[in-house]
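Student: Just so it is clear, I am handing over model.cif, which has mmCIF, C-alpha atoms.
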data_work
loop_
_atom_site.group_PDB
_atom_site.id
_atom_site.type_symbol
_atom_site.label_atom_id
_atom_site.label_comp_id
_atom_site.auth_asym_id
_atom_site.auth_seq_id
_atom_site.Cartn_x
_atom_site.Cartn_y
_atom_site.Cartn_z
ATOM 1 C CA TRP A 111 0.944 -4.035 14.377
ATOM 2 C CA LEU A 112 3.546 -3.412 11.676
ATOM 3 C CA PRO A 113 2.522 -5.020 8.381
ATOM 4 C CA GLN A 114 4.250 -4.245 5.106
ATOM 5 C CA GLU A 115 2.718 -1.684 2.786
ATOM 6 C CA THR A 116 -0.567 -2.341 1.029
ATOM 7 C CA ILE A 117 -0.063 -1.758 -2.703
ATOM 8 C CA LEU A 118 -3.073 -0.708 -4.752
ATOM 9 C CA PHE A 119 -2.979 -0.999 -8.522
ATOM 10 C CA ASP A 120 -5.024 0.865 -11.123
ATOM 11 C CA ARG A 121 -8.759 0.084 -10.796
ATOM 12 C CA ALA A 122 -8.292 -1.508 -7.368
ATOM 13 C CA CYS A 123 -11.070 -1.078 -4.837
ATOM 14 C CA LEU A 124 -10.278 -1.578 -1.161
ATOM 15 C CA LYS A 125 -12.649 -1.084 1.724
ATOM 16 C CA ARG A 126 -10.940 -1.781 5.032
ATOM 17 C CA ARG A 127 -12.035 -1.495 8.648
ATOM 18 C CA ILE A 128 -9.681 -1.658 11.616
ATOM 19 C CA ASP A 129 -11.199 -2.000 15.083
ATOM 20 C CA VAL A 130 -8.939 -2.098 18.135
ATOM 21 C CA ASP A 131 -10.142 -2.651 21.701
ATOM 22 C CA LEU A 132 -7.514 -2.033 24.390
ATOM 23 C CA ALA A 133 -7.592 -2.411 28.144
ATOM 24 C CA ASP A 134 -7.155 0.821 30.130
ATOM 25 C CA ASP A 135 -3.497 0.051 30.841
ATOM 26 C CA ALA A 136 -2.555 -1.379 27.424
ATOM 27 C CA SER A 137 -0.213 0.225 24.927
ATOM 28 C CA LEU A 138 -0.176 0.064 21.145
ATOM 29 C CA VAL A 139 2.088 0.906 18.232
ATOM 30 C CA MET A 140 0.349 0.450 14.917
ATOM 31 C CA ALA A 141 1.468 1.464 11.442
ATOM 32 C CA GLU A 142 -0.419 1.159 8.182
ATOM 33 C CA ALA A 143 1.053 2.238 4.845
ATOM 34 C CA VAL A 144 -0.631 2.384 1.452
ATOM 35 C CA LEU A 145 1.013 2.805 -1.954
ATOM 36 C CA PHE A 146 -1.185 4.001 -4.796
ATOM 37 C CA GLY A 147 0.758 2.307 -7.600
ATOM 38 C CA ARG A 148 4.491 1.627 -7.781
ATOM 39 C CA ALA A 149 6.458 4.641 -8.988
ATOM 40 C CA ALA A 150 9.568 2.559 -9.748
ATOM 41 C CA MET A 151 7.495 0.476 -12.166
ATOM 42 C CA GLY A 152 5.839 3.509 -13.770
ATOM 43 C CA GLU A 153 2.467 2.530 -12.323
ATOM 44 C CA ALA A 154 -0.189 4.982 -11.211
ATOM 45 C CA MET A 155 -3.673 4.549 -9.826
ATOM 46 C CA HIS A 156 -5.799 6.543 -12.255
ATOM 47 C CA ASP A 157 -9.066 4.925 -11.324
ATOM 48 C CA GLY A 158 -10.077 3.145 -8.162
ATOM 49 C CA ALA A 159 -11.417 3.425 -4.666
ATOM 50 C CA PHE A 160 -9.915 3.338 -1.200
ATOM 51 C CA ALA A 161 -11.944 3.515 2.009
ATOM 52 C CA ASP A 162 -10.306 3.093 5.402
ATOM 53 C CA THR A 163 -12.164 3.167 8.715
ATOM 54 C CA TRP A 164 -10.310 3.064 12.026
ATOM 55 C CA ARG A 165 -11.867 2.799 15.482
ATOM 56 C CA LEU A 166 -9.858 2.587 18.701
ATOM 57 C CA ARG A 167 -11.454 1.927 22.049
ATOM 58 C CA ARG A 168 -9.640 2.009 25.356
ATOM 59 C CA GLY A 169 -11.394 0.594 28.375
ATOM 60 C CA GLY A 170 -14.532 0.285 26.257
ATOM 61 C CA LYS A 171 -14.592 4.008 25.343
ATOM 62 C CA LEU A 172 -14.079 5.294 21.817
ATOM 63 C CA VAL A 173 -10.884 7.409 21.902
ATOM 64 C CA PHE A 174 -9.940 7.606 18.207
ATOM 65 C CA ALA A 175 -12.040 7.428 15.058
ATOM 66 C CA GLU A 176 -11.073 8.135 11.487
ATOM 67 C CA ASN A 177 -12.529 7.667 8.027
ATOM 68 C CA VAL A 178 -10.497 8.138 4.845
ATOM 69 C CA ARG A 179 -12.009 7.860 1.390
ATOM 70 C CA LEU A 180 -10.447 8.401 -2.011
ATOM 71 C CA ASP A 181 -12.073 7.449 -5.296
ATOM 72 C CA GLY A 182 -12.013 8.254 -8.976
ATOM 73 C CA ASP A 183 -8.665 9.478 -10.335
ATOM 74 C CA ILE A 184 -6.657 8.934 -7.173
ATOM 75 C CA THR A 185 -3.372 10.116 -8.716
ATOM 76 C CA GLU A 186 -5.018 13.453 -9.554
ATOM 77 C CA ARG A 187 -6.475 13.757 -6.061
ATOM 78 C CA LEU A 188 -3.122 13.007 -4.434
ATOM 79 C CA ALA A 189 -1.441 15.610 -6.675
ATOM 80 C CA ARG A 190 -3.345 18.403 -4.910
ATOM 81 C CA PRO A 191 -1.224 20.394 -2.426
ATOM 82 C CA ALA A 192 -3.707 19.911 0.417
ATOM 83 C CA SER A 193 -3.844 16.140 -0.138
ATOM 84 C CA ALA A 194 -0.390 14.693 -0.765
ATOM 85 C CA LYS A 195 1.318 17.228 -3.065
ATOM 86 C CA GLY A 196 2.053 14.521 -5.626
ATOM 87 C CA GLY A 197 3.041 11.796 -3.188
ATOM 88 C CA ILE A 198 1.626 8.336 -3.845
ATOM 89 C CA ALA A 199 2.752 6.697 -0.597
ATOM 90 C CA LEU A 200 0.908 7.400 2.657
ATOM 91 C CA ALA A 201 1.227 6.039 6.177
ATOM 92 C CA THR A 202 -0.313 6.527 9.586
ATOM 93 C CA VAL A 203 1.314 5.536 12.858
ATOM 94 C CA LEU A 204 -0.953 5.318 15.909
ATOM 95 C CA ILE A 205 0.626 5.184 19.368
ATOM 96 C CA VAL A 206 -1.260 4.625 22.603
ATOM 97 C CA ALA A 207 0.551 5.468 25.838
ATOM 98 C CA ALA A 208 2.385 8.293 24.051
ATOM 99 C CA ASP A 209 4.360 11.057 25.751
ATOM 100 C CA GLU A 210 5.936 14.382 24.768
ATOM 101 C CA THR A 211 9.418 12.883 24.284
ATOM 102 C CA MET A 212 8.013 10.823 21.402
ATOM 103 C CA LEU A 213 6.813 13.966 19.674
ATOM 104 C CA ASP A 214 10.182 15.684 19.998
ATOM 105 C CA ALA A 215 12.027 12.594 18.671
ATOM 106 C CA VAL A 216 9.827 12.383 15.569
ATOM 107 C CA ARG A 217 9.847 16.128 14.922
ATOM 108 C CA ALA A 218 13.671 16.155 15.025
ATOM 109 C CA LEU A 219 13.944 13.707 12.105
ATOM 110 C CA ASP A 220 14.973 14.784 8.617
ATOM 111 C CA CYS A 221 12.497 12.847 6.499
ATOM 112 C CA ALA A 222 12.679 12.272 2.744
ATOM 113 C CA GLY A 223 8.954 13.002 2.466
ATOM 114 C CA GLU A 224 6.618 14.955 4.709
ATOM 115 C CA ALA A 225 5.886 13.829 8.259
ATOM 116 C CA GLY A 226 4.063 15.272 11.212
ATOM 117 C CA ILE A 227 2.908 14.084 14.616
ATOM 118 C CA SER A 228 0.258 15.245 17.074
ATOM 119 C CA ALA A 229 -0.727 13.987 20.507
ATOM 120 C CA TRP A 230 -3.617 14.302 22.926
ATOM 121 C CA ASN A 231 -4.838 12.318 25.946
ATOM 122 C CA GLY A 232 -2.002 9.769 25.743
ATOM 123 C CA ILE A 233 -2.546 9.069 22.031
ATOM 124 C CA ALA A 234 -0.184 10.170 19.255
ATOM 125 C CA VAL A 235 -0.764 10.027 15.509
ATOM 126 C CA ALA A 236 2.022 10.457 12.969
ATOM 127 C CA ARG A 237 1.226 11.035 9.300
ATOM 128 C CA LEU A 238 3.657 10.464 6.475
ATOM 129 C CA VAL A 239 3.548 11.092 2.751
ATOM 130 C CA ALA A 240 6.287 10.384 0.213
ATOM 131 C CA ARG A 241 6.765 10.385 -3.541
ATOM 132 C CA ASP A 242 7.332 6.619 -3.590
ATOM 133 C CA GLY A 243 7.318 3.483 -1.493
ATOM 134 C CA ALA A 244 11.078 3.450 -0.889
ATOM 135 C CA GLY A 245 11.048 6.968 0.580
ATOM 136 C CA LEU A 246 8.026 6.151 2.705
ATOM 137 C CA ARG A 247 9.655 3.005 4.049
ATOM 138 C CA ARG A 248 12.854 4.896 4.990
ATOM 139 C CA ASP A 249 10.824 7.538 6.815
ATOM 140 C CA LEU A 250 8.583 4.980 8.504
ATOM 141 C CA VAL A 251 11.579 2.956 9.751
ATOM 142 C CA ALA A 252 13.192 6.160 11.085
ATOM 143 C CA ILE A 253 10.007 7.260 12.860
ATOM 144 C CA LEU A 254 9.455 3.851 14.436
ATOM 145 C CA ALA A 255 13.110 3.798 15.581
ATOM 146 C CA ALA A 256 12.662 7.281 17.094
ATOM 147 C CA LEU A 257 9.678 5.848 18.984
ATOM 148 C CA GLY A 258 11.845 2.991 20.286
ATOM 149 C CA GLN A 259 10.271 0.392 18.014
ATOM 150 C CA SER A 260 12.142 -2.071 15.857
ATOM 151 C CA VAL A 261 10.624 -3.246 12.611
ATOM 152 C CA PRO A 262 10.280 -6.826 11.392
ATOM 153 C CA ARG A 263 13.418 -8.163 9.646
ATOM 154 C CA LEU A 264 11.417 -8.609 6.449
ATOM 155 C CA TRP A 265 11.186 -4.804 6.170
ATOM 156 C CA HIS A 266 14.961 -4.590 5.628
ATOM 157 C CA HIS A 267 15.021 -6.882 2.576
#
Kindly present the structure from the file in structure tokens form.
Tutor:
Amino acid sequence: WLPQETILFDRACLKRRIDVDLADDASLVMAEAVLFGRAAMGEAMHDGAFADTWRLRRGGKLVFAENVRLDGDITERLARPASAKGGIALATVLIVAADETMLDAVRALDCAGEAGISAWNGIAVARLVARDGAGLRRDLVAILAALGQSVPRLWHH
């Protein structure tokens, strides 16, 4: 699952839910990226709402659950050091059937923005934040390549 970035404009409200049910022996690579405005166009998301709910089940058992919610002045919230330190482009990569070599490959990258990866019980989650969509896309392509995944041709145009 590798869609292009979701771009949210000022006063946008998005409530999204992603539910994935996998067989015990299935694998998954999923990436979701969100841009809060377009820096190159001088756009910022000063008012709006974003709610994202992810649920992943494997063999019928819940193995990953996450809720993210931002509202109000999103640019101000993302400016906080503990949130995104001024970045307006965020992405999450979820890998099922992950191993330690994947972690080392991602951690060895020199990313334009900030990136980190953690793993447990065969699941890995990489988080990315960048100042703009172009930086995020470069980092996301590099991380997916390090994981042995190619991206759709449309991503390169």
Student: Counting only C-alpha atoms, which residue out of A:Val173, A:Ile198, A:Ile205, A:Ala141 sits closest to Leu118 of chain A?
Tutor: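 Counting only C-alpha atoms, the residue closest to Leu118 of chain A is A:Ile198.
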Student: Using all atoms listed in the file, determine which residues lie at most 12 Å from Leu246 of chain A, disregarding the query and same-chain residues fewer than 3 positions distant; provide the list as a PyMOL selection string.
Tutor: chain A and resi 114-115+141-145+148-149+197-202+221-225+237-243+249-253+265
Student: Could the residues in this selection be saved with C-alpha atoms as a short mmCIF file (atom, residue, chain, number, x, y, z; two decimals), in the frame of the given file?
Tutor:
data_model
loop_
_atom_site.label_atom_id
_atom_site.label_comp_id
_atom_site.auth_asym_id
_atom_site.auth_seq_id
_atom_site.Cartn_x
_atom_site.Cartn_y
_atom_site.Cartn_z
CA GLN A 114 4.25 -4.24 5.11
CA GLU A 115 2.72 -1.68 2.79
CA ALA A 141 1.47 1.46 11.44
CA GLU A 142 -0.42 1.16 8.18
CA ALA A 143 1.05 2.24 4.84
CA VAL A 144 -0.63 2.38 1.45
CA LEU A 145 1.01 2.80 -1.95
CA ARG A 148 4.49 1.63 -7.78
CA ALA A 149 6.46 4.64 -8.99
CA GLY A 197 3.04 11.80 -3.19
CA ILE A 198 1.63 8.34 -3.84
CA ALA A 199 2.75 6.70 -0.60
CA LEU A 200 0.91 7.40 2.66
CA ALA A 201 1.23 6.04 6.18
CA THR A 202 -0.31 6.53 9.59
CA CYS A 221 12.50 12.85 6.50
CA ALA A 222 12.68 12.27 2.74
CA GLY A 223 8.95 13.00 2.47
CA GLU A 224 6.62 14.96 4.71
CA ALA A 225 5.89 13.83 8.26
CA ARG A 237 1.23 11.04 9.30
CA LEU A 238 3.66 10.46 6.48
CA VAL A 239 3.55 11.09 2.75
CA ALA A 240 6.29 10.38 0.21
CA ARG A 241 6.76 10.38 -3.54
CA ASP A 242 7.33 6.62 -3.59
CA GLY A 243 7.32 3.48 -1.49
CA ASP A 249 10.82 7.54 6.82
CA LEU A 250 8.58 4.98 8.50
CA VAL A 251 11.58 2.96 9.75
CA ALA A 252 13.19 6.16 11.08
CA ILE A 253 10.01 7.26 12.86
CA TRP A 265 11.19 -4.80 6.17
#
Student: Return as a VMD selection string the set of residues that the PyMOL selection byres ((chain A and resi 159-162) around 12) yields on the displayed structure.
Tutor: chain A and resid 116 to 129 142 to 146 155 to 158 163 to 165 175 to 185 187 201 to 202
Student: Tell me which residues the PyMOL selection byres ((chain A and resi 171) around 10) grabs here, as a ChimeraX atom specification.
Tutor: /A:131-134,166-170,172-174
Student: Given the choices A:Leu219, A:Val139, A:Val130, A:Ala194, which gets closest to Arg248 of chain A if the distance is worked out from all atoms listed in the file?
Tutor: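 Distance minimum relative to Arg248 of chain A lands on A:Leu219.
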Student: Between atom CA of Gly245 of chain A and atom CA of Leu257 of chain A, what is the spacing in Å?
Tutor: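 That distance, rounded to one decimal, is 18.5 Å.
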